[in-house]
Each structure stands twice: as structure tokens, then as C-alpha cells.
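Take a look at the structure below.
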Amino acid sequence: MRALDLEYMWDLLPVLIGYIPLTLFMALIGMACALVLASFMAVERIFRVPVLDLFVRLFISFFRGTPLLVQLFLFYYGLPQVLSFLTSINGVTATIMGLTLHFSAYMAESIRAAILGVDRSQWEASQAVGMTQFQMMSQIILPQAARVAAPTLVNYFIDMIKGTSLAFTLGVTELMGATQKEAAGSFLYFEAFLVVAAIYWIIVEALAFVQRHLEIYLNKAHAR
Amino acid sequence: MTSASAISITGLNKAFGDTSVLKDISLEIAPGERVVVIGPSGTGKSTLLRCLNFLDRPDAGVIRLGDLTVDAKTVSHADILALRRRTSFVFQNYALFANKTARENIMQALITVKGQSKADAYTRAAAILDETGLTKRADAYPAALSGGQQQRVGIGRAMALDADLMLFDEPTSALDPEWVGEVLDLMRRVAEKRQTMLIVTHEMQFAREIADRILFMSDGQIVEQGPPEQLLENPQDKRTKAFLRRVA
């Protein structure tokens with residue numbers, strides 16, 4: 001048993017904090033893309049567009065059914081071997097792509113469930129006033145589904161933030177990669193990973209704070 | 001606000017599974033006419049209304065509304081939209097947009113469906129809110145409104161559309177008794193403008209007051225019809241007599 005090297009941890013902190021923006025960048029872009037893709041797939045699953053439905057179901061099945069790490073390796077190491085124009089794909093792009101596709105598969109299912117939870121009267125009222133299906137979905141149904149889906153979607157976002165740490169396996173020096181390098185230089189593995197664990201934890205807690213305000217906003221129509 | 005288009009319904013049929021709910025219904029409604037449909041539960045009154053704007057899809061029949069002709073056998077997506085845009089619907093359970101305020105509920109279709117500017121829709125909504133006595137509650141969400149207020153918004157939302165035909169599907173049936181009066185008062189005011197209305201209701205006194213004609217429906221058919229005095233005082237069919245004895 002040895003004492004923790006607190007001074008090393010203190011000095012390491014600002015170094016690692018410098019990598020937070022890259023982690024957040026990958027997670028935020030990934031989340032934004034995944035939300036769009038997942039909403040599209042959820043709506044498709046509701047209306048069951050012929051042929052397209054088959055592709056969407058296959059997509060969801062594959063990206064839910066295989067590990068994120070396998071998917072990242074497929075994109076980064078595998079795809080460039082078969083698609084020559086992808087030779088220049090970098091680790092960050094591959095990570096964002098992987099996170100987007102992987103999490104959109106999960107999110108599509110929770111958005112679909114939230115849409116099905118919107119009361120039938122809301123669909124009928126939209127139809128009765130003569131809205132098109134697009135107007136109905138974008139202005140009445142999806143905003144109400146968002147309220148129901150928000151807690152699970154934030155959960156996926158949290159998972160996605162932590163998932164960015166896999167980028168290090170594609171050679172990207174992000175939070176996790178940087179920690180790994182620092183630890184390898186100092187041999188103070190316990191201290192280094194303790195610091196990075198704390199950083200992830202604080203990011204996620206900050207997000208939980210944002211979540212509370214988001215939910216208050218989404219619930220404003222339902223306060224009595 | 002007098003509606004100009006006559007409505008003609010011919011050979012309307014609807015079945016749910018093996019159960020035939022509407023049996024060859026034919027009906028003409030003159031512009032400005034206020035028609036009330038009465039009858040026992042489960043005889044297809046609501047289904048008749050819901051088939052007229054294709055919330056339920058009729059199996060057969062032709063609906064003519066002014067120059068618009070919609071045949072259930074050959075109906076297109078565009079026909080359905082056109083029909084819905086020339087009718088308005090008041091739901092038993094109000095069915096207000098839960099994510100919109102009272103004012104936004106009224107403005108919603110004016111902007112998205114009728115393509116009005118926000119300013120025009122706002123002005124129109126303000127007039128409707130005033131007429132329905134809801135100006136003070138304009139920015140409240142449905143969840144914060146009483147049943148009576150919600151249904152007044154529901155009627156206001158339908159009024160704003162200036163439809164050729166307003167459909168009312170048991171608009172007071174879900175209300176606590178204390179709110180029924182204010183909703184019927186509002187419907188009376190709409191009726192006074194000679195707005196063409198087709199109303200399903202169990203409020204017999206109200207029907208007698210505002211209807212130009214009452215239809216009695218039973219088992220998916222229009223059994224008999226006539227002016228209120230005639231149908232309510234001197235019914236001919238034994239089913240009408242039995243029904244009126246029960247509700248009187």
C-alpha cells in the first residue's frame with residue numbers, strides 16, 4: 001500500500017481538462033445526428049413505409065445487435081479497405097459516425113414508444129383541422145413525444161459521452177487516450193485513471209443538472 | 001359567416017369487422033341548416049360524423065360539399081385533406097392540442113392549414129377568445145383549464161376555421177354537469193349565425209331549441225326525421241317512441 005500522489009493528480013487535472021472540448025464535441029455532434037436519424041426512423045416505423053421499413057428494421061437490428069467497439073473498428077479499419085474514397089477517414093469522424101449509428105438505433109425505439117404513447121385524440125384533432133401528416137408529426141405529435149422520451153434520451157446521451165472514450169482505440173488522443181499516455185509516462189495508473197473517472201463523473205452530473213431544467217421546460221404544458 | 005355550400009351524403013356504409021355500423025345512409029343538409037342527431041348509444045351517430053371527415057373511413061358512399069365530391073371507393077389523399085379543410089370537428093373529449101395554449105390551439109390551423117400570417121391568426125384568435133369568454137385564459141395550457149373551458153376552446157378552434165359544415169360529436173357528454181350550460185350557450189351563439197351544423201347530442205331541450213331538423217338514428221339507419229316539434233311530440237316509428245320515453 002502506498003499513499004496517493006495528490007500533487008501529481010493536481011498537476012494532471014488541467015492537462016486532462018484541456019481534452020474535455022474534444023470529448024464534448026464528439027458527443028454533441030453524435031447526439032445531434034443521432035436525434036435526427038432516430039426521429040426519422042421512429043416515424044418511419046410508425047407509418048411502416050414499404051421497403052424502407054425493411055431497411056430501418058435491419059439497421060436497428062444490426063446496430064443494436066453488435067458491440068459499439070466492433071462497429072468502430074469496422075468503420076475505421078474495415079471500411080477503407082473496401083471503399084477507396086474513405087482512405088482518409090480520421091478517428092474522430094469514425095467515432096462520431098459510430099456513435100451516431102449505434103445510439104440512433106436505440107433512440108429510434110424509445111422515440112417510437114413515446115410517439116405511440118401520445119393520446120389518439122391528438123392525432124385525430126390534427127387530422128380534423130386538415131393538417132398534413134408532416135405538420136401533424138412536427139408540430140403536435142413529436143413535441144409531445146419529446147416530453148416522454150427526454151429522460152431516456154438523456155440517458156443515451158450520457159452513455160454516448162462515455163462512449164467517446166472508445167475513440168482512443170482508433171488512435172484519437174481524447175480524454176481517455178491522453179490519460180493513458182500520461183499514465184504510461186508516470187506509471188501512476190491509479191492516480192491518472194482516478195482523475196479521468198472524476199472528470200467523466202462531473203461532466204455527467206453537470207448534464208443531469210441540465211436535464212432537470214429541460215424536463216421542467218418540457219413539462220410546462222402539463223403543470224396545473 | 002353563413003355557409004354557402006349544401007351538403008349531400010349518398011349511400012354511406014361503414015362496418016367495423018363484421019358489424020355493420022352505418023347502413024346506406026343518405027342525407028341532405030341545406031346551407032345554414034342546423035341538424036341534430038339523436039338515438040340510442042351504439043347506433044352509429046358518432047361514426048356518421050367521423051365518416052364525414054374521414055376520421056373513420058367509410059366503406060362506400062359519396063359525400064358532396066359544394067363543388068367537392070368525394071367517393072369513398074375512389075377517394076384520394078388530396079380529397080380527404082380537402083374535405084377536412086371544409087369541415088370542422090368538435091370532439092367529445094375536447095382533444096385540444098396538449099402542447100399548445102388556448103390561444104395557440106385556435107391559431108394553429110389558421111397558420112399551418114390556412115396559411116394566414118401570425119398577426120392575422122392572432123387577431124382572429126383574439127376575437128374568438130373574446131366571443132367564447134376565454135380572453136383571461138388565453139395563455140393557459142389545456143391541462144390547466146376546466147372541462148367547460150377546454151370545450152369552449154375546442155369549439156373556438158372549430159369556429160376559427162369558418163368551415164362549410166361544423167360537426168359536433170356529443171360535445172357535452174364528457175363534461176361535469178356544472179359546465180354543460182356554458183358550452184350549450186356557446187353552441188347556441190354559433191347556431192344563431194346560421195352556421196351549418198350537424199350535432200350529435202343527448203341534450204333534448206337544447207336540440208328542441210336550436211335544431212331546424214332532428215334525425216333519429218337506430219341500428220345504423222336514419223329511422224325518422226323532421227322538425228323538433230314533429231319528431232319529439234309526434235314520433236311515428238315505435239323505436240323513436242321507445243327512445244323518447246326513456247330519455248324524457
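Identifiers in the C-alpha cells: chain A, B, ... in order shown; residue index from 1 per chain; ligand index from 1 in order shown.
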**Report entry** Met31 in chain A surroundings by only C-alpha atoms, 8 Å radius, close-in-sequence under 5 positions cut, as a list in words
**Finding:**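 With the cut-off at 8 Å, the set is Leu99, Thr100, Phe157 and Met160 of chain A.
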Query raised in the report: range 1-188 of chain A: which residues are helix (DSSP H, G or I) by DSSP, as a PyMOL selection string?
Result: chain A and resi 6-17+20-47+52-65+68-82+84-86+91-117+120-128+133-170+175-186
Query - Surrounding residues of range 20-25 of chain A excluding itself and chain neighbours under 6 positions, 7 Å, only C-alpha atoms, as an NGL selection string - result: :A and (161 or 164 or 174-175)
Can you check which parts of chain A lie within 10 Å of chain B? Per residue, the shortest pair of atoms and distance in Å to one decimal, counting only C-alpha atoms, sorted by chain and number, as a Markdown table.
| residue | atom | partner | partner_atom | distance |
| --- | --- | --- | --- | --- |
| A:Val118 | CA | B:Ala98 | CA | 9.8 |
| A:Asp119 | CA | B:Ala95 | CA | 9.0 |
| A:Arg120 | CA | B:Ala95 | CA | 8.8 |
| A:Ser121 | CA | B:Ala95 | CA | 5.1 |
| A:Gln122 | CA | B:Phe97 | CA | 6.1 |
| A:Trp123 | CA | B:Ala95 | CA | 9.0 |
| A:Glu124 | CA | B:Leu55 | CA | 6.8 |
| A:Ala125 | CA | B:Ala95 | CA | 6.0 |
| A:Ser126 | CA | B:Phe97 | CA | 8.1 |
| A:Gln127 | CA | B:Arg84 | CA | 7.4 |
| A:Ala128 | CA | B:Arg84 | CA | 5.8 |
| A:Val129 | CA | B:Arg84 | CA | 6.3 |
| A:Gly130 | CA | B:Arg84 | CA | 5.0 |
| A:Met131 | CA | B:Val113 | CA | 5.9 |
| A:Thr132 | CA | B:Leu81 | CA | 7.6 |
| A:Gln135 | CA | B:Thr112 | CA | 7.4 |
| A:Met136 | CA | B:Thr112 | CA | 9.7 |
| A:Gln139 | CA | B:Asn99 | CA | 9.0 |
| A:Ile140 | CA | B:Phe97 | CA | 6.8 |
| A:Ile141 | CA | B:Asn99 | CA | 9.1 |
| A:Pro143 | CA | B:Asn99 | CA | 7.3 |
| A:Gln144 | CA | B:Asn99 | CA | 6.4 |
| A:Arg147 | CA | B:Asn99 | CA | 9.8 |
| A:Leu218 | CA | B:Asn99 | CA | 9.1 |
| A:Asn219 | CA | B:Asn99 | CA | 9.1 |
| A:Lys220 | CA | B:Tyr141 | CA | 8.5 |
| A:Ala221 | CA | B:Tyr141 | CA | 5.5 |
| A:His222 | CA | B:Ala143 | CA | 5.6 |
| A:Ala223 | CA | B:Ala143 | CA | 6.9 |
| A:Arg224 | CA | B:Ala144 | CA | 4.8 |
Report task. Counting only C-alpha atoms, figure out which residue out of B:Leu129, B:Val21, B:Val70, B:Val37 gets nearest to Val223 in chain B. Result -> B:Val37
**Report entry** Contacts of Val62 in chain B within 12 Å, only C-alpha atoms, excl. fewer than 6 positions in-chain, as JSON, numbers by chain
**Finding:** {"B": [7, 8, 9, 10, 11, 12, 13, 24, 25, 26, 27, 28, 51, 52, 54, 68, 69, 70, 71, 72, 73, 74, 75, 79, 83]}
Write the selection just made, keeping N, CA and C atoms, as a PDB file, in the first residue's frame?
ATOM      1  N   ILE B   7     -74.700  20.298 -48.386  1.00  0.00           N
ATOM      2  CA  ILE B   7     -74.029  19.019 -48.175  1.00  0.00           C
ATOM      3  C   ILE B   7     -74.984  17.910 -48.594  1.00  0.00           C
ATOM      4  N   SER B   8     -74.435  16.951 -49.331  1.00  0.00           N
ATOM      5  CA  SER B   8     -75.262  15.828 -49.719  1.00  0.00           C
ATOM      6  C   SER B   8     -74.473  14.541 -49.507  1.00  0.00           C
ATOM      7  N   ILE B   9     -75.088  13.629 -48.789  1.00  0.00           N
ATOM      8  CA  ILE B   9     -74.449  12.353 -48.468  1.00  0.00           C
ATOM      9  C   ILE B   9     -75.308  11.261 -49.089  1.00  0.00           C
ATOM     10  N   THR B  10     -74.672  10.374 -49.852  1.00  0.00           N
ATOM     11  CA  THR B  10     -75.440   9.342 -50.535  1.00  0.00           C
ATOM     12  C   THR B  10     -74.845   7.957 -50.293  1.00  0.00           C
ATOM     13  N   GLY B  11     -75.664   7.050 -49.827  1.00  0.00           N
ATOM     14  CA  GLY B  11     -75.270   5.637 -49.731  1.00  0.00           C
ATOM     15  C   GLY B  11     -74.060   5.377 -48.853  1.00  0.00           C
ATOM     16  N   LEU B  12     -73.998   6.052 -47.699  1.00  0.00           N
ATOM     17  CA  LEU B  12     -72.840   5.896 -46.814  1.00  0.00           C
ATOM     18  C   LEU B  12     -72.928   4.580 -46.044  1.00  0.00           C
ATOM     19  N   ASN B  13     -71.881   3.774 -46.156  1.00  0.00           N
ATOM     20  CA  ASN B  13     -71.814   2.497 -45.456  1.00  0.00           C
ATOM     21  C   ASN B  13     -70.504   2.382 -44.701  1.00  0.00           C
ATOM     22  N   ASP B  24     -76.194   2.324 -45.439  1.00  0.00           N
ATOM     23  CA  ASP B  24     -76.766   3.034 -46.562  1.00  0.00           C
ATOM     24  C   ASP B  24     -77.429   4.363 -46.171  1.00  0.00           C
ATOM     25  N   ILE B  25     -76.661   5.178 -45.475  1.00  0.00           N
ATOM     26  CA  ILE B  25     -77.194   6.463 -45.011  1.00  0.00           C
ATOM     27  C   ILE B  25     -77.187   7.484 -46.147  1.00  0.00           C
ATOM     28  N   SER B  26     -78.304   8.154 -46.361  1.00  0.00           N
ATOM     29  CA  SER B  26     -78.353   9.272 -47.291  1.00  0.00           C
ATOM     30  C   SER B  26     -78.956  10.467 -46.574  1.00  0.00           C
ATOM     31  N   LEU B  27     -78.421  11.634 -46.861  1.00  0.00           N
ATOM     32  CA  LEU B  27     -78.808  12.809 -46.084  1.00  0.00           C
ATOM     33  C   LEU B  27     -78.431  14.066 -46.851  1.00  0.00           C
ATOM     34  N   GLU B  28     -79.351  15.038 -46.871  1.00  0.00           N
ATOM     35  CA  GLU B  28     -79.043  16.341 -47.467  1.00  0.00           C
ATOM     36  C   GLU B  28     -79.104  17.372 -46.350  1.00  0.00           C
ATOM     37  N   CYS B  51     -67.216   9.691 -40.252  1.00  0.00           N
ATOM     38  CA  CYS B  51     -67.046   9.317 -41.657  1.00  0.00           C
ATOM     39  C   CYS B  51     -67.088  10.552 -42.563  1.00  0.00           C
ATOM     40  N   LEU B  52     -67.763  11.606 -42.094  1.00  0.00           N
ATOM     41  CA  LEU B  52     -67.898  12.788 -42.948  1.00  0.00           C
ATOM     42  C   LEU B  52     -66.576  13.534 -43.098  1.00  0.00           C
ATOM     43  N   PHE B  54     -63.661  11.659 -42.608  1.00  0.00           N
ATOM     44  CA  PHE B  54     -62.729  10.531 -42.785  1.00  0.00           C
ATOM     45  C   PHE B  54     -61.825  10.267 -41.584  1.00  0.00           C
ATOM     46  N   LEU B  68     -67.146  20.104 -54.148  1.00  0.00           N
ATOM     47  CA  LEU B  68     -66.246  18.989 -53.842  1.00  0.00           C
ATOM     48  C   LEU B  68     -67.037  17.683 -53.761  1.00  0.00           C
ATOM     49  N   THR B  69     -66.615  16.698 -54.543  1.00  0.00           N
ATOM     50  CA  THR B  69     -67.273  15.388 -54.495  1.00  0.00           C
ATOM     51  C   THR B  69     -66.258  14.330 -54.103  1.00  0.00           C
ATOM     52  N   VAL B  70     -66.556  13.608 -53.033  1.00  0.00           N
ATOM     53  CA  VAL B  70     -65.643  12.579 -52.549  1.00  0.00           C
ATOM     54  C   VAL B  70     -66.373  11.237 -52.541  1.00  0.00           C
ATOM     55  N   ASP B  71     -65.864  10.314 -53.332  1.00  0.00           N
ATOM     56  CA  ASP B  71     -66.439   8.975 -53.381  1.00  0.00           C
ATOM     57  C   ASP B  71     -65.532   8.036 -52.585  1.00  0.00           C
ATOM     58  N   ALA B  72     -66.101   7.382 -51.580  1.00  0.00           N
ATOM     59  CA  ALA B  72     -65.296   6.534 -50.698  1.00  0.00           C
ATOM     60  C   ALA B  72     -64.534   5.453 -51.462  1.00  0.00           C
ATOM     61  N   LYS B  73     -65.083   5.024 -52.597  1.00  0.00           N
ATOM     62  CA  LYS B  73     -64.441   3.948 -53.354  1.00  0.00           C
ATOM     63  C   LYS B  73     -63.177   4.427 -54.064  1.00  0.00           C
ATOM     64  N   THR B  74     -63.145   5.707 -54.438  1.00  0.00           N
ATOM     65  CA  THR B  74     -62.028   6.187 -55.256  1.00  0.00           C
ATOM     66  C   THR B  74     -61.292   7.337 -54.588  1.00  0.00           C
ATOM     67  N   VAL B  75     -61.537   7.516 -53.284  1.00  0.00           N
ATOM     68  CA  VAL B  75     -61.029   8.703 -52.588  1.00  0.00           C
ATOM     69  C   VAL B  75     -59.499   8.773 -52.615  1.00  0.00           C
ATOM     70  N   ASP B  79     -58.331  14.408 -51.638  1.00  0.00           N
ATOM     71  CA  ASP B  79     -59.768  14.553 -51.367  1.00  0.00           C
ATOM     72  C   ASP B  79     -60.015  14.652 -49.865  1.00  0.00           C
ATOM     73  N   LEU B  83     -61.669  17.725 -47.869  1.00  0.00           N
ATOM     74  CA  LEU B  83     -62.890  17.551 -47.087  1.00  0.00           C
ATOM     75  C   LEU B  83     -62.676  18.043 -45.657  1.00  0.00           C
TER      76      LEU B  83
END
